[in-house]
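Asks: Structure file my_file_39.cif (mmCIF, C-alpha atoms) is given on the next line.
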data_data
loop_
_atom_site.label_atom_id
_atom_site.label_comp_id
_atom_site.auth_asym_id
_atom_site.auth_seq_id
_atom_site.Cartn_x
_atom_site.Cartn_y
_atom_site.Cartn_z
CA MET A 1 -224.45 -86.18 -116.74
CA GLU A 2 -227.29 -84.54 -118.62
CA PRO A 3 -230.54 -86.53 -118.33
CA LEU A 4 -231.00 -86.75 -122.11
CA ALA A 5 -227.45 -88.08 -122.54
CA LEU A 6 -227.99 -90.69 -119.82
CA PHE A 7 -231.27 -91.68 -121.40
CA GLY A 8 -229.63 -91.96 -124.82
CA ILE A 9 -226.88 -94.22 -123.50
CA GLN A 10 -229.24 -96.48 -121.56
CA TYR A 11 -231.82 -96.67 -124.35
CA THR A 12 -229.22 -97.39 -127.02
CA LEU A 13 -227.51 -100.12 -125.01
CA SER A 14 -230.87 -101.77 -124.29
CA LEU A 15 -231.85 -101.54 -127.95
CA VAL A 16 -228.57 -103.14 -129.04
CA ALA A 17 -228.89 -105.90 -126.43
CA TYR A 18 -232.49 -106.72 -127.40
CA GLY A 19 -231.58 -106.53 -131.07
CA LEU A 20 -228.79 -109.08 -130.60
CA ILE A 21 -231.03 -111.38 -128.59
CA GLY A 22 -233.81 -111.01 -131.15
CA PHE A 23 -231.73 -111.67 -134.23
CA TRP A 24 -229.26 -114.19 -132.80
CA TYR A 25 -231.64 -116.34 -130.76
CA VAL A 26 -235.33 -115.51 -131.16
CA ALA A 27 -235.70 -115.02 -134.93
CA PRO A 28 -233.90 -118.25 -135.92
CA ARG A 29 -236.12 -120.32 -133.61
CA LEU A 30 -239.33 -118.61 -134.66
CA SER A 31 -238.50 -119.03 -138.35
CA ARG A 32 -238.99 -122.80 -137.92
CA LEU A 33 -242.56 -122.34 -136.69
CA PRO A 34 -245.73 -121.65 -138.63
CA ARG A 35 -246.30 -117.90 -138.75
CA GLU A 36 -249.32 -118.00 -136.43
CA LEU A 37 -247.31 -119.81 -133.75
CA ALA A 38 -244.24 -117.60 -134.22
CA LEU A 39 -246.31 -114.47 -133.59
CA VAL A 40 -247.53 -115.59 -130.17
CA PRO A 41 -244.40 -115.03 -128.02
CA LEU A 42 -243.75 -111.73 -129.79
CA LEU A 43 -247.26 -110.48 -129.07
CA TRP A 44 -246.94 -111.38 -125.38
CA VAL A 45 -244.24 -108.71 -125.10
CA HIS A 46 -246.87 -106.15 -126.18
CA ALA A 47 -249.61 -107.56 -123.96
CA PHE A 48 -247.66 -106.24 -120.99
CA ARG A 49 -247.65 -102.68 -122.29
CA ILE A 50 -250.14 -102.19 -119.52
CA VAL A 51 -247.05 -101.21 -117.53
CA GLY A 52 -246.94 -98.03 -119.64
CA GLY A 53 -250.26 -97.07 -118.08
CA THR A 54 -248.31 -96.59 -114.85
CA ILE A 55 -247.64 -93.03 -115.97
CA LEU A 56 -251.34 -92.30 -115.32
CA ALA A 57 -251.17 -93.38 -111.67
CA PRO A 58 -251.04 -90.59 -109.08
CA GLY A 59 -247.50 -90.09 -107.88
CA ALA A 60 -245.91 -92.33 -110.52
CA VAL A 61 -244.16 -89.33 -112.03
CA ASP A 62 -243.62 -85.82 -110.78
CA ALA A 63 -246.81 -83.73 -110.86
CA SER A 64 -245.03 -81.24 -113.13
CA VAL A 65 -244.89 -83.78 -116.00
CA PRO A 66 -247.47 -82.37 -118.43
CA MET A 67 -250.81 -84.17 -118.21
CA GLU A 68 -251.21 -84.07 -122.01
CA PHE A 69 -247.99 -86.08 -122.30
CA ARG A 70 -249.01 -88.54 -119.58
CA THR A 71 -252.44 -89.26 -121.06
CA THR A 72 -251.11 -89.69 -124.60
CA ILE A 73 -248.46 -92.15 -123.45
CA GLY A 74 -250.55 -94.02 -120.89
CA TYR A 75 -253.63 -94.57 -123.05
CA GLY A 76 -251.57 -95.43 -126.14
CA ASP A 77 -249.85 -98.21 -124.23
CA LEU A 78 -253.09 -99.47 -122.73
CA ALA A 79 -254.77 -99.52 -126.16
CA THR A 80 -251.87 -101.47 -127.64
CA ALA A 81 -251.96 -103.96 -124.76
CA VAL A 82 -255.66 -104.56 -125.37
CA LEU A 83 -255.03 -105.06 -129.10
CA ALA A 84 -252.22 -107.51 -128.33
CA LEU A 85 -254.50 -109.56 -126.08
CA ILE A 86 -257.26 -109.56 -128.71
CA ALA A 87 -254.76 -110.66 -131.37
CA LEU A 88 -253.46 -113.43 -129.09
CA ILE A 89 -256.97 -114.72 -128.49
CA ALA A 90 -257.74 -114.50 -132.22
CA LEU A 91 -254.62 -116.54 -133.03
CA ARG A 92 -255.48 -119.07 -130.36
CA VAL A 93 -259.02 -119.69 -131.65
CA ARG A 94 -257.88 -119.47 -135.28
CA PHE A 95 -260.13 -116.52 -136.03
CA THR A 96 -259.94 -115.72 -139.74
CA ALA A 97 -259.07 -112.08 -139.03
CA ALA A 98 -256.22 -112.96 -136.63
CA ILE A 99 -253.44 -111.81 -138.95
CA PRO A 100 -255.13 -108.45 -139.71
CA LEU A 101 -255.56 -108.00 -135.95
CA VAL A 102 -251.84 -108.60 -135.45
CA TRP A 103 -251.13 -106.00 -138.16
CA LEU A 104 -253.43 -103.54 -136.36
CA CYS A 105 -251.72 -104.20 -133.04
CA VAL A 106 -248.21 -103.73 -134.39
CA ALA A 107 -249.20 -100.62 -136.38
CA VAL A 108 -250.86 -98.97 -133.38
CA GLY A 109 -247.99 -100.04 -131.11
CA LEU A 110 -245.27 -98.69 -133.38
CA ALA A 111 -247.19 -95.45 -133.99
CA ASP A 112 -247.63 -95.09 -130.23
CA THR A 113 -243.94 -95.74 -129.59
CA VAL A 114 -242.78 -93.25 -132.22
CA ASN A 115 -245.28 -90.70 -130.90
CA ALA A 116 -244.02 -91.28 -127.35
CA ILE A 117 -240.45 -90.61 -128.45
CA VAL A 118 -241.48 -87.42 -130.29
CA GLN A 119 -243.60 -86.21 -127.38
CA SER A 120 -240.80 -87.00 -124.90
CA MET A 121 -238.54 -84.65 -126.82
CA ARG A 122 -241.29 -82.06 -127.27
CA TYR A 123 -241.98 -81.89 -123.54
CA SER A 124 -238.33 -82.51 -122.46
CA VAL A 125 -239.65 -85.11 -120.04
CA PHE A 126 -236.20 -86.44 -119.24
CA ASN A 127 -235.66 -83.34 -117.13
CA TYR A 128 -238.54 -84.34 -114.80
CA PRO A 129 -238.52 -86.94 -112.02
CA LEU A 130 -240.01 -89.98 -113.80
CA GLY A 131 -239.61 -92.61 -111.11
CA VAL A 132 -240.06 -96.18 -112.36
CA ASN A 133 -241.13 -94.81 -115.75
CA TRP A 134 -237.47 -94.06 -116.48
CA VAL A 135 -236.77 -97.78 -116.21
CA ILE A 136 -239.82 -98.65 -118.32
CA VAL A 137 -238.65 -96.34 -121.11
CA THR A 138 -234.99 -97.36 -121.07
CA LEU A 139 -235.48 -101.09 -120.54
CA TYR A 140 -238.90 -102.07 -121.89
CA VAL A 141 -239.48 -99.74 -124.86
CA PRO A 142 -236.42 -101.06 -126.74
CA ALA A 143 -237.83 -104.59 -126.30
CA LEU A 144 -241.11 -103.36 -127.78
CA LEU A 145 -239.32 -101.95 -130.82
CA VAL A 146 -237.35 -105.13 -131.45
CA SER A 147 -240.37 -107.38 -130.96
CA GLY A 148 -242.40 -105.08 -133.23
CA LEU A 149 -239.80 -105.47 -135.95
CA LEU A 150 -239.77 -109.25 -135.46
CA ILE A 151 -243.58 -109.29 -135.70
CA ILE A 152 -243.44 -107.41 -138.99
CA MET A 153 -240.82 -109.85 -140.27
CA GLN A 154 -243.11 -112.75 -139.37
CA LEU A 155 -246.12 -111.07 -140.97
CA LEU A 156 -244.23 -110.46 -144.21
CA ARG A 157 -242.91 -113.99 -144.53
CA ARG A 158 -244.77 -116.51 -146.61
CA ALA A 159 -247.49 -118.17 -144.60
CA PRO A 160 -246.96 -121.92 -145.06
CA ASN A 161 -249.80 -124.22 -144.17
CA SER A 162 -249.86 -124.24 -140.37
CA GLY A 163 -251.23 -127.76 -140.21
CA SER A 164 -253.09 -128.77 -137.12
CA GLN A 165 -250.74 -127.22 -134.55
CA ARG A 166 -252.40 -125.20 -131.79
CA THR A 167 -251.12 -121.93 -130.37
#
What is this structure when it is put down as structure tokens?

Replies:
Amino acid sequence: MEPLALFGIQYTLSLVAYGLIGFWYVAPRLSRLPRELALVPLLWVHAFRIVGGTILAPGAVDASVPMEFRTTIGYGDLATAVLALIALIALRVRFTAAIPLVWLCVAVGLADTVNAIVQSMRYSVFNYPLGVNWVIVTLYVPALLVSGLLIIMQLLRRAPNSGSQRT
């Protein structure tokens, strides 16, 4: 099987599975929570984008994978992970700019993900030995897309008074 076809099948099936989980189970439960609380579990998914930085580690992928591709992908994921952690802390301490920080995190994360997809096609990276990064892309990236969409849905919903609940 061609690597791109295999990738497409695995990625699509993961995306469908995470989409079903997200919209059948996660979204209905989060819709009952104040927006600030509902954002927390969704942001945790992005806090672990540090795993995308694995592509920068020596030997994680074949040496022939273009360095420009590796640095773009690795640092984009690390930056998004840092933003997710900052947003989580801001929500926890009820910082007034918490919601704008969540918007920044999701915007950077989605831009990074779309750029990663475009650059993957540009460099035909699916034809290179990617090691564990193949699993990261086919299993974790679809979860990032679904959680990103769920974050945007939470951000766009009316923000009822959150009361005195803590995150």

Asks: I want to know what sits within 12 Å of Val108 in chain A, based on all atoms listed in the file, with residues of the same chain fewer than 5 positions away left out; could you give that as a PyMOL selection string?

Replies: chain A and resi 46+75-84+101-103+113-116+148

Asks: Could you check how far CA of Gly19 in chain A sits from CA of Val106 in chain A, in Å to one decimal?

Replies: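 These two atoms are separated by 17.2 Å.
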
Asks: With 12 Å as the cut-off and only C-alpha atoms counted, what is the closest atom pair between each nearby residue of range 37-76 of chain A and range 27-33 of chain A? Distances in Å to one decimal, ordered by chain and number, as a Markdown table.

Replies:
| residue | atom | partner | partner_atom | distance |
| --- | --- | --- | --- | --- |
| A:Leu37 | CA | A:Leu33 | CA | 6.1 |
| A:Ala38 | CA | A:Leu30 | CA | 5.0 |
| A:Leu39 | CA | A:Leu30 | CA | 8.2 |
| A:Val40 | CA | A:Leu30 | CA | 9.8 |
| A:Pro41 | CA | A:Leu30 | CA | 9.1 |
| A:Leu42 | CA | A:Leu30 | CA | 9.5 |

Asks: Keeping only C-alpha atoms, write the selected residues to a file as a PDB file, in the frame of the given file.

Replies:
ATOM      1  CA  LEU A  37    -247.310-119.810-133.750  1.00  0.00           C
ATOM      2  CA  ALA A  38    -244.240-117.600-134.220  1.00  0.00           C
ATOM      3  CA  LEU A  39    -246.310-114.470-133.590  1.00  0.00           C
ATOM      4  CA  VAL A  40    -247.530-115.590-130.170  1.00  0.00           C
ATOM      5  CA  PRO A  41    -244.400-115.030-128.020  1.00  0.00           C
ATOM      6  CA  LEU A  42    -243.750-111.730-129.790  1.00  0.00           C
TER       7      LEU A  42
END

Asks: Name the residues captured by the PyMOL selection byres ((chain A and resi 119-123) around 9) when it is applied to the shown file; answer as an NGL selection string.

Replies: :A and (65-66 or 69 or 72-73 or 114-118 or 124-126)

Asks: Could you please determine the separation between CA of Pro58 in chain A and CA of Leu4 in chain A in Å, to one decimal place?

Replies: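 So the two atoms, CA of Pro58 in chain A and CA of Leu4 in chain A, lie 24.2 Å apart.
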
Asks: If you apply the PyMOL selection byres ((chain A and resi 137) around 12) to this file, what residues do you get, as a PyMOL selection string?

Replies: chain A and resi 7-8+10-12+14-15+49+51-52+54-55+73+77+113+116-117+120+125-126+130-136+138-145

Asks: Between A:Leu110, A:Trp44, A:Arg35, A:Thr71, single out the one closest to Gln154 in chain A, counting all atoms listed in the file.

Replies: A:Arg35

Asks: If you measure from CA of Ala47 in chain A to CA of Pro100 in chain A, what distance in Å do you get, rounded to one decimal?

Replies: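 Pair CA of Ala47 in chain A / CA of Pro100 in chain A returns 16.7 Å.
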
Asks: With distances taken over only C-alpha atoms, which of A:Gly74, A:Cys105, A:Leu43, A:Gly59 is nearest to Leu88 in chain A?

Replies: A:Leu43

Asks: If the PyMOL selection byres ((chain A and resi 91-95) around 8) is run on the structure shown, which residues does it catch, given as a list in words?

Replies: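 Applied to this file, the PyMOL selection byres ((chain A and resi 91-95) around 8) returns Glu36, Val40, Ala87, Leu88, Ile89, Ala90, Thr96, Ala97, Ala98, Ile99, Arg166 and Thr167 of chain A.
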
Asks: Specify the axis-aligned box that encloses all atoms of range 107-113 of chain A listed in the file after padding of 5 Å on each side, stating its centre and edge lengths in Å to one decimal as lines of an AutoDock Vina configuration file.

Replies:
center_x = -247.4
center_y = -97.9
center_z = -133.0
size_x = 16.9
size_y = 15.5
size_z = 16.8

Asks: Hey, which of A:Gly109, A:Pro129, A:Pro3, A:Pro34 ends up closest to Ala60 in chain A? Count all atoms listed in the file.

Replies: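 Smallest separation from Ala60 in chain A among the options: A:Pro129.
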
Asks: Taking all atoms listed in the file into account, which of A:Ile50, A:Leu156, A:Ala63, A:Leu149 comes nearest Val26 in chain A?

Replies: A:Leu149

Asks: Could range 95-107 of chain A be completed with N, CA, C and O atoms and returned as a short mmCIF file (atom, residue, chain, number, x, y, z; two decimals), in the frame of the given file?

Replies:
data_model
loop_
_atom_site.label_atom_id
_atom_site.label_comp_id
_atom_site.auth_asym_id
_atom_site.auth_seq_id
_atom_site.Cartn_x
_atom_site.Cartn_y
_atom_site.Cartn_z
N PHE A 95 -259.20 -117.46 -135.44
CA PHE A 95 -260.13 -116.52 -136.03
C PHE A 95 -259.57 -116.08 -137.38
O PHE A 95 -258.38 -115.81 -137.51
N THR A 96 -260.42 -116.02 -138.38
CA THR A 96 -259.94 -115.72 -139.74
C THR A 96 -259.29 -114.35 -139.86
O THR A 96 -258.43 -114.14 -140.72
N ALA A 97 -259.66 -113.43 -138.99
CA ALA A 97 -259.07 -112.08 -139.03
C ALA A 97 -257.89 -111.93 -138.06
O ALA A 97 -257.49 -110.81 -137.75
N ALA A 98 -257.32 -113.04 -137.61
CA ALA A 98 -256.22 -112.96 -136.63
C ALA A 98 -255.03 -112.18 -137.18
O ALA A 98 -254.49 -111.31 -136.49
N ILE A 99 -254.61 -112.48 -138.39
CA ILE A 99 -253.44 -111.81 -138.95
C ILE A 99 -253.70 -110.31 -139.13
O ILE A 99 -252.86 -109.48 -138.75
N PRO A 100 -254.86 -109.89 -139.67
CA PRO A 100 -255.13 -108.45 -139.71
C PRO A 100 -255.14 -107.81 -138.32
O PRO A 100 -254.70 -106.66 -138.16
N LEU A 101 -255.59 -108.53 -137.31
CA LEU A 101 -255.56 -108.00 -135.95
C LEU A 101 -254.12 -107.83 -135.44
O LEU A 101 -253.82 -106.86 -134.74
N VAL A 102 -253.25 -108.75 -135.82
CA VAL A 102 -251.84 -108.60 -135.45
C VAL A 102 -251.26 -107.37 -136.15
O VAL A 102 -250.53 -106.58 -135.54
N TRP A 103 -251.58 -107.19 -137.44
CA TRP A 103 -251.13 -106.00 -138.16
C TRP A 103 -251.61 -104.73 -137.46
O TRP A 103 -250.84 -103.77 -137.29
N LEU A 104 -252.88 -104.72 -137.05
CA LEU A 104 -253.43 -103.54 -136.36
C LEU A 104 -252.68 -103.29 -135.07
O LEU A 104 -252.30 -102.15 -134.77
N CYS A 105 -252.44 -104.33 -134.31
CA CYS A 105 -251.72 -104.20 -133.04
C CYS A 105 -250.33 -103.63 -133.25
O CYS A 105 -249.92 -102.69 -132.57
N VAL A 106 -249.58 -104.18 -134.19
CA VAL A 106 -248.21 -103.73 -134.39
C VAL A 106 -248.19 -102.31 -134.97
O VAL A 106 -247.33 -101.51 -134.61
N ALA A 107 -249.15 -101.97 -135.82
CA ALA A 107 -249.20 -100.62 -136.38
C ALA A 107 -249.51 -99.59 -135.30
O ALA A 107 -248.83 -98.56 -135.19
#
